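A.B. asks: Below: one structure in structure tokens.
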There are 2 protein chains.
Amino acid sequence: MELRHIKYFLAVAEELNFTRAARRVGIGQPPLSNQIRDLEEEIGAPLFRRLPHGAELTEAGQVFLPEARAIMAKAEHAKALALRAARGELGRLRLGFTGSSAFSPIVPSAVRSFRRAYPEIDLTLHEAYTTLLLERLDAGELDAVFIRPGRADPPGFRTHSLGEEAMVIALPSSHPLADAAALPMSALSAEPFVLFPREAGPSLFDGIIAACRHAGFEPILGQIAPQITSLANLIAVELGVSVVPSAVAQIRVPGVTYVPISGDGPVARLALATRRGERSAVVQNFVARVLADRNNRG
Amino acid sequence: MELRHIKYFLAVAEELNFTRAARRVGIGQPPLSNQIRDLEEEIGAPLFRRLPHGAELTEAGQVFLPEARAIMAKAEHAKALALRAARGELGRLRLGFTGSSAFSPIVPSAVRSFRRAYPEIDLTLHEAYTTLLLERLDAGELDAVFIRPGRADPPGFRTHSLGEEAMVIALPSSHPLADAAALPMSALSAEPFVLFPREAGPSLFDGIIAACRHAGFEPILGQIAPQITSLANLIAVELGVSVVPSAVAQIRVPGVTYVPISGDGPVARLALATRRGERSAVVQNFVARVLADRNNRG
DNA sequence: TTTGTTCATATCTTAAATATATTTCTACCC
DNA sequence: GGGTAGAAATATATTTAAGATATGAACAAA
């Protein structure tokens with residue numbers, strides 16, 4: 001049995017006349033009769049009763065009719081679905097992001113805009129460290145990740161730079177310097193630093209250390225905060241100071257004050273990484289939308 | 001697109017290797033590649049990514065896979081359904097019966113046995129007069145009817161005799177003859193008869209009249225009972241006597257006594273009628289079962 | 001580099017779908 | 001009752017396309 005047989009069956013079932021049905025499907029009457037006969041033989045029962053003037057459905061034919069319609073519809077549907085999937089309108093996208101990148105306005109904005117444009121994409125979000133995100137991307141567990149990139153593209157990945165932002169000093173509100181309008185990095189030379197683990201974002205971590213050294217001092221490393229969000233809490237209880245991307249200053253915690261950095265300070269870069277040679281249309285659509293979003297906001 | 005394409009697609013999707021898939025479906029690798037390419041062209045997107053050692057599903061292919069499986073399953077299912085319908089295992093049966101035939105043990109027994117044997121037949125029951133039943137059978141509104149047949153087959157129908165049963169006299173319990181062990185028809189010569197309308201069952205009606213005449217009297221026609229069941233009630237209130245098929249004596253109504261007929265009495269014949277030239281397997285199965293049931297009970 | 005594996009391409013063969021011509025059946029009409 | 005028209009079946013021819021065979025190209029692994 002082929003879809004052709006089903007198509008011919010439907011024509012005869014709807015016309016109840018072999019000659020007209022043959023015209024309708026664009027073949028001659030004898031070949032149509034043959035195809036219907038073949039179908040009936042395969043099923044093992046006649047589908048039509050041939051009458052001197054036309055034909056009528058047997059009980060088998062009556063039962064077969066709705067099934068045949070459903071099969072044709074399903075076949076069309078399957079084709080349409082596959083095409084939509086190829087266009088990236090259908091499927092899933094497993095997205096990773098670091099705790100700090102979630103506060104960069106571009107990230108939630110791009111995700112929101114993508115969801116609106118492709119509502120049938122099954123989108124899942126996974127927060128993790130930059131290092132872990134890249135591992136999971138490489139392992140095929142994630143499709144695109146927002147990371148704090150190093151200067152060089154990690155091999156095997158394609159990174160799309162989403163720009164850089166200044167960093168600000170975060171210090172306890174009780175600290176003598178908390179009222180300053182801006183502070184140079186050197187002002188922190190004697191303060192213990194509350195930082196995230198280096199593996200969480202090596203380039204951001206190294207950038208901060210480098211900025212300290214550039215300002216002429218070696219930072220005193222104090223408490224380690226597992227999450228960027230818990231970092232503020234550690235500062236609030238006066239365990240030290242820190243330097244965070246300015247977008248993270250959105251985390252308003254009582255007892256924590258953010259002060260802009262004057263002079264040379266570290267910068268926090270943001271990038272979207274995908275696998276090199278990624279062919280998925282969903283991922284490509286997502287990257288395109290993130291980049292468009294980036295350009296729209298200048 | 002033909003089912004062949006889907007079958008080949010499934011083979012490749014499951015083997016993830018064109019060469020093995022080709023062996024599996026029993027064709028060469030080049031024609032298989034051609035068919036897959038044709039399918040991809042029709043869909044408008046590639047379903048596989050060809051790798052140096054095998055192939056993998058694209059997103060379109062991943063979406064198409066479950067659809068393809070469903071289509072194949074649906075096609076098989078449709079064939080099986082049609083075959084079962086042709087065998088009379090699937091479909092509907094609209095059954096008619098007269099009020100009196102419902103009491104003949106063969107009728108409920110045959111219906112019950114048929115329902116057990118063919119549980120997926122949608123069975124509907126319709127009670128009406130013999131005359132009306134035959135009209136509806138002829139009009140195609142019913143498929144088989146239990147009737148009280150005349151001596152000759154009504155034209156256009158095929159009747160299957162289900163035997164005949166004796167009739168009994170029904171009379172008010174207060175009647176002087178009610179205590180008799182048996183009565184000849186002639187005992188009723190002076191009694192008004194409570195009968196059903198002649199159109200309800202002409203042959204049964206005429207049989208009763210003929211039996212009276214044979215016994216030497218013209219029956220006095222009294223009240224008309226629209227239903228065989230209401231007949232007993234009319235007798236109970238002493239509106240007259242009647243003669244009913246002995247099976248109808250199952251209707252035990254206070255005030256009504258049934259007395260066997262001695263000597264020549266009318267007989268009630270029962271038959272199953274279908275359209276002449278009926279091809280429906282369901283109807284044929286039903287007739288066969290009714291006849292088998294009749295013979296089983298001797 | 002070589003070898004083996006895999007898929008694609010090219011060409012040919014064959015099977016099957018379709019076209020054309022004709023026959024058969026039957027209802028309908030004169 | 002014989003003739004006619006409409007419809008499907010049969011018979012044969014043709015053409016399309018599925019499949020076979022042979023070969024080439026790409027790539028991975030040794």
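Starting from 1 in every chain, residues are counted up; chains themselves are A, B, ... following the order of the structure tokens, and ligands are numbered from 1 as listed.
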I'd like the neighbourhood of A:Gln250 as a PyMOL selection string, where a residue qualifies if any of its atoms comes within 12 Å (using only C-alpha atoms (C1' of nucleotides)), though same-chain residues fewer than 2 positions away should be ignored.
C.D. replies: chain A and resi 100+102-105+168+170+228-229+232+244-248+252-253+256-258
A.B. asks: Restricted to C-alpha atoms, what would the selected residues look like written as a PDB file, in the first residue's frame?
C.D. replies:
ATOM      1  CA  SER A 100      26.380  37.491  36.689  1.00  0.00           C
ATOM      2  CA  ALA A 102      21.691  37.152  34.103  1.00  0.00           C
ATOM      3  CA  PHE A 103      21.893  40.737  35.308  1.00  0.00           C
ATOM      4  CA  SER A 104      23.203  42.124  32.035  1.00  0.00           C
ATOM      5  CA  PRO A 105      20.091  43.612  30.477  1.00  0.00           C
ATOM      6  CA  VAL A 168      32.047  48.810  40.234  1.00  0.00           C
ATOM      7  CA  ALA A 170      31.027  46.821  46.234  1.00  0.00           C
ATOM      8  CA  ILE A 228      27.380  36.114  42.574  1.00  0.00           C
ATOM      9  CA  THR A 229      24.175  36.753  44.521  1.00  0.00           C
ATOM     10  CA  ALA A 232      26.543  40.816  48.306  1.00  0.00           C
ATOM     11  CA  VAL A 244      31.450  43.359  40.270  1.00  0.00           C
ATOM     12  CA  PRO A 245      30.046  44.090  36.817  1.00  0.00           C
ATOM     13  CA  SER A 246      27.988  47.253  37.058  1.00  0.00           C
ATOM     14  CA  ALA A 247      24.826  45.400  36.065  1.00  0.00           C
ATOM     15  CA  VAL A 248      25.195  43.248  39.167  1.00  0.00           C
ATOM     16  CA  ARG A 252      20.327  45.868  46.286  1.00  0.00           C
ATOM     17  CA  VAL A 253      21.213  44.371  49.650  1.00  0.00           C
ATOM     18  CA  VAL A 256      26.112  47.039  50.633  1.00  0.00           C
ATOM     19  CA  THR A 257      27.120  50.167  48.725  1.00  0.00           C
ATOM     20  CA  TYR A 258      28.371  50.281  45.136  1.00  0.00           C
TER      21      TYR A 258
END
A.B. asks: Where does chain C meet chain A within 8 Å, residue by residue, with the nearest atom pair and distance in Å to one decimal for each, counting only C-alpha atoms (C1' of nucleotides), listed by chain and rising number, as JSON lines?
C.D. replies:
{"residue": "C:DA17", "atom": "C1'", "partner": "A:Pro31", "partner_atom": "CA", "distance": 7.5}
{"residue": "C:DT18", "atom": "C1'", "partner": "A:Pro31", "partner_atom": "CA", "distance": 6.1}
{"residue": "C:DA19", "atom": "C1'", "partner": "A:Gly28", "partner_atom": "CA", "distance": 7.0}
{"residue": "C:DC25", "atom": "C1'", "partner": "A:Pro52", "partner_atom": "CA", "distance": 7.2}
{"residue": "C:DT26", "atom": "C1'", "partner": "A:Pro52", "partner_atom": "CA", "distance": 5.6}
{"residue": "C:DA27", "atom": "C1'", "partner": "A:Pro52", "partner_atom": "CA", "distance": 7.0}
A.B. asks: From the list A:Leu291, A:Arg275, A:Ala225, A:Gly44, which residue is nearest A:Ala139 when using only C-alpha atoms?
C.D. replies: A:Arg275
A.B. asks: Compare A:Asp264, A:Glu41, A:Glu59, A:Glu127 by their minimum atom-to-atom distance to chain B, counting only C-alpha atoms, and give me the closest one.
C.D. replies: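 For chain B, the nearest of the candidates is A:Glu59.
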A.B. asks: Name the residues in contact with C:DT22 at a cut-off of 12 Å, using only C-alpha atoms (C1' of nucleotides), excluding same-chain residues fewer than 4 positions from it; report them as a CSV table (one decimal) with C-alpha atoms (C1' of nucleotides), in the first residue's frame.
C.D. replies:
chain,number,residue,atom,x,y,z
A,30,PRO,CA,-8.7,1.7,-16.2
D,9,DA,C1',-13.5,-4.6,-16.4
D,10,DT,C1',-10.1,-6.5,-19.5
D,11,DA,C1',-6.2,-6.5,-22.8
D,12,DT,C1',-2.3,-4.6,-24.6
A.B. asks: Report as a ChimeraX atom specification the set of chain D residues whose atoms approach chain B to within 9 Å, with distances computed over only C-alpha atoms (C1' of nucleotides).
C.D. replies: /D:18-20,26-28
A.B. asks: Write out, as a CSV table (one decimal), in the first residue's frame, the residues just selected, with C-alpha atoms (C1' of nucleotides).
C.D. replies:
chain,number,residue,atom,x,y,z
D,18,DA,C1',12.1,2.2,-8.8
D,19,DG,C1',15.9,-0.5,-8.3
D,20,DA,C1',20.5,-2.9,-9.8
D,26,DA,C1',35.2,11.9,1.0
D,27,DC,C1',36.9,11.0,5.2
D,28,DA,C1',38.7,8.2,9.3
A.B. asks: Which chain B residues are at most 10 Å from chain A (counting only C-alpha atoms), as a CSV table (one decimal) with N, CA and C atoms, in the first residue's frame?
C.D. replies:
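Written out: iface-v5.csv:
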chain,number,residue,atom,x,y,z
B,1,MET,N,5.2,12.1,-2.0
B,1,MET,CA,5.6,11.2,-0.9
B,1,MET,C,4.8,10.0,-0.9
B,2,GLU,N,5.4,8.9,-0.8
B,2,GLU,CA,4.7,7.6,-0.7
B,2,GLU,C,5.1,6.9,0.6
B,3,LEU,N,4.3,5.9,1.0
B,3,LEU,CA,4.7,5.2,2.2
B,3,LEU,C,6.0,4.5,2.1
B,4,ARG,N,6.4,4.2,0.9
B,4,ARG,CA,7.8,3.7,0.7
B,4,ARG,C,8.8,4.6,1.2
B,5,HIS,N,8.7,5.9,0.9
B,5,HIS,CA,9.6,6.9,1.4
B,5,HIS,C,9.7,6.8,2.9
B,6,ILE,N,8.6,6.8,3.5
B,6,ILE,CA,8.5,6.8,5.0
B,6,ILE,C,9.2,5.5,5.5
B,39,LEU,N,12.7,12.3,-0.9
B,39,LEU,CA,11.8,12.7,0.2
B,39,LEU,C,12.2,14.1,0.8
B,40,GLU,N,13.5,14.2,1.0
B,40,GLU,CA,14.0,15.5,1.5
B,40,GLU,C,13.7,16.7,0.6
B,42,GLU,N,11.1,16.8,-1.4
B,42,GLU,CA,9.6,17.1,-1.2
B,42,GLU,C,9.3,17.8,0.0
B,43,ILE,N,10.0,17.5,1.1
B,43,ILE,CA,9.7,18.1,2.4
B,43,ILE,C,10.3,19.6,2.3
B,44,GLY,N,11.4,19.7,1.7
B,44,GLY,CA,12.0,21.0,1.6
B,44,GLY,C,13.1,21.2,2.6
B,45,ALA,N,13.6,20.1,3.2
B,45,ALA,CA,14.7,20.2,4.1
B,45,ALA,C,15.3,18.9,4.3
B,46,PRO,N,16.6,18.9,4.5
B,46,PRO,CA,17.3,17.6,4.8
B,46,PRO,C,16.9,17.0,6.1
B,47,LEU,N,16.7,15.6,6.0
B,47,LEU,CA,16.3,14.9,7.2
B,47,LEU,C,17.5,14.3,7.9
B,49,ARG,N,22.0,14.3,8.3
B,49,ARG,CA,23.3,14.8,8.0
B,49,ARG,C,24.2,13.7,7.7
B,58,THR,N,18.8,15.2,11.3
B,58,THR,CA,18.8,16.7,11.5
B,58,THR,C,17.6,17.0,12.5
B,59,GLU,N,17.4,18.2,12.9
B,59,GLU,CA,16.3,18.5,13.7
B,59,GLU,C,15.0,18.2,13.0
B,60,ALA,N,15.0,18.5,11.7
B,60,ALA,CA,13.8,18.1,10.9
B,60,ALA,C,13.5,16.6,10.9
B,61,GLY,N,14.6,15.9,10.8
B,61,GLY,CA,14.5,14.4,10.9
B,61,GLY,C,14.0,14.0,12.2
B,62,GLN,N,14.5,14.6,13.3
B,62,GLN,CA,14.0,14.2,14.6
B,62,GLN,C,12.6,14.4,14.8
B,63,VAL,N,12.1,15.5,14.2
B,63,VAL,CA,10.7,15.8,14.3
B,63,VAL,C,9.8,14.9,13.4
B,64,PHE,N,10.4,14.6,12.3
B,64,PHE,CA,9.7,13.7,11.3
B,64,PHE,C,9.6,12.3,11.8
B,65,LEU,N,10.6,11.8,12.6
B,65,LEU,CA,10.6,10.4,13.0
B,65,LEU,C,9.4,9.9,13.7
B,66,PRO,N,8.9,10.5,14.8
B,66,PRO,CA,7.7,10.0,15.4
B,66,PRO,C,6.5,10.1,14.5
B,67,GLU,N,6.5,11.1,13.7
B,67,GLU,CA,5.3,11.3,12.8
B,67,GLU,C,5.3,10.1,11.8
B,68,ALA,N,6.5,9.8,11.3
B,68,ALA,CA,6.6,8.7,10.3
B,68,ALA,C,6.2,7.4,10.9
B,70,ALA,N,4.1,7.0,13.3
B,70,ALA,CA,2.7,7.1,13.5
B,70,ALA,C,1.9,6.8,12.2
B,71,ILE,N,2.5,7.3,11.1
B,71,ILE,CA,1.8,7.1,9.8
B,71,ILE,C,1.8,5.7,9.4
B,72,MET,N,3.0,5.0,9.6
B,72,MET,CA,3.0,3.6,9.2
B,72,MET,C,2.1,2.8,10.1
B,73,ALA,N,2.1,3.1,11.4
B,73,ALA,CA,1.2,2.4,12.3
B,73,ALA,C,-0.3,2.6,11.9
B,74,LYS,N,-0.6,3.8,11.5
B,74,LYS,CA,-2.0,4.2,11.2
B,74,LYS,C,-2.4,3.4,9.9
B,75,ALA,N,-1.4,3.3,9.0
B,75,ALA,CA,-1.7,2.6,7.7
B,75,ALA,C,-2.0,1.2,8.0
B,76,GLU,N,-1.2,0.6,8.8
B,76,GLU,CA,-1.5,-0.8,9.2
B,76,GLU,C,-2.8,-1.0,9.9
B,77,HIS,N,-3.1,-0.1,10.8
B,77,HIS,CA,-4.3,-0.1,11.6
B,77,HIS,C,-5.5,0.0,10.6
B,78,ALA,N,-5.4,0.9,9.7
B,78,ALA,CA,-6.5,1.1,8.7
B,78,ALA,C,-6.8,-0.1,8.0
B,79,LYS,N,-5.8,-0.8,7.5
B,79,LYS,CA,-6.0,-2.0,6.8
B,79,LYS,C,-6.7,-3.1,7.7
B,80,ALA,N,-6.2,-3.2,8.9
B,80,ALA,CA,-6.7,-4.2,9.8
B,80,ALA,C,-8.2,-3.9,10.1
B,81,LEU,N,-8.5,-2.6,10.3
B,81,LEU,CA,-9.9,-2.2,10.6
B,81,LEU,C,-10.8,-2.6,9.4
B,82,ALA,N,-10.4,-2.3,8.2
B,82,ALA,CA,-11.2,-2.5,7.1
B,82,ALA,C,-11.5,-4.0,6.9
B,83,LEU,N,-10.4,-4.8,7.2
B,83,LEU,CA,-10.6,-6.3,7.1
B,83,LEU,C,-11.6,-6.8,8.1
B,84,ARG,N,-11.5,-6.3,9.3
B,84,ARG,CA,-12.4,-6.7,10.4
B,84,ARG,C,-13.8,-6.3,10.0
B,85,ALA,N,-13.9,-5.1,9.5
B,85,ALA,CA,-15.3,-4.6,9.1
B,85,ALA,C,-15.8,-5.6,8.0
B,86,ALA,N,-15.0,-6.0,7.1
B,86,ALA,CA,-15.4,-6.9,6.0
B,86,ALA,C,-15.9,-8.2,6.6
B,87,ARG,N,-15.2,-8.6,7.7
B,87,ARG,CA,-15.6,-9.9,8.3
B,87,ARG,C,-16.8,-9.8,9.2
B,88,GLY,N,-17.3,-8.6,9.4
B,88,GLY,CA,-18.5,-8.4,10.2
B,88,GLY,C,-18.1,-8.3,11.7
B,90,LEU,N,-16.9,-5.6,13.0
B,90,LEU,CA,-16.9,-4.2,13.3
B,90,LEU,C,-18.0,-3.6,12.5
B,91,GLY,N,-18.7,-2.7,13.1
B,91,GLY,CA,-19.8,-2.0,12.4
B,91,GLY,C,-21.0,-1.8,13.2
B,92,ARG,N,-22.2,-1.8,12.6
B,92,ARG,CA,-23.4,-1.6,13.4
B,92,ARG,C,-24.5,-2.5,12.9
B,279,ARG,N,-25.7,-7.9,1.6
B,279,ARG,CA,-24.3,-8.3,1.5
B,279,ARG,C,-23.5,-8.1,2.8
B,280,SER,N,-24.1,-7.3,3.7
B,280,SER,CA,-23.4,-7.0,4.9
B,280,SER,C,-23.0,-8.2,5.7
B,281,ALA,N,-21.7,-8.3,6.0
B,281,ALA,CA,-21.2,-9.4,6.8
B,281,ALA,C,-21.8,-9.4,8.2
B,282,VAL,N,-22.0,-8.2,8.7
B,282,VAL,CA,-22.6,-8.1,10.0
B,282,VAL,C,-23.9,-8.8,10.1
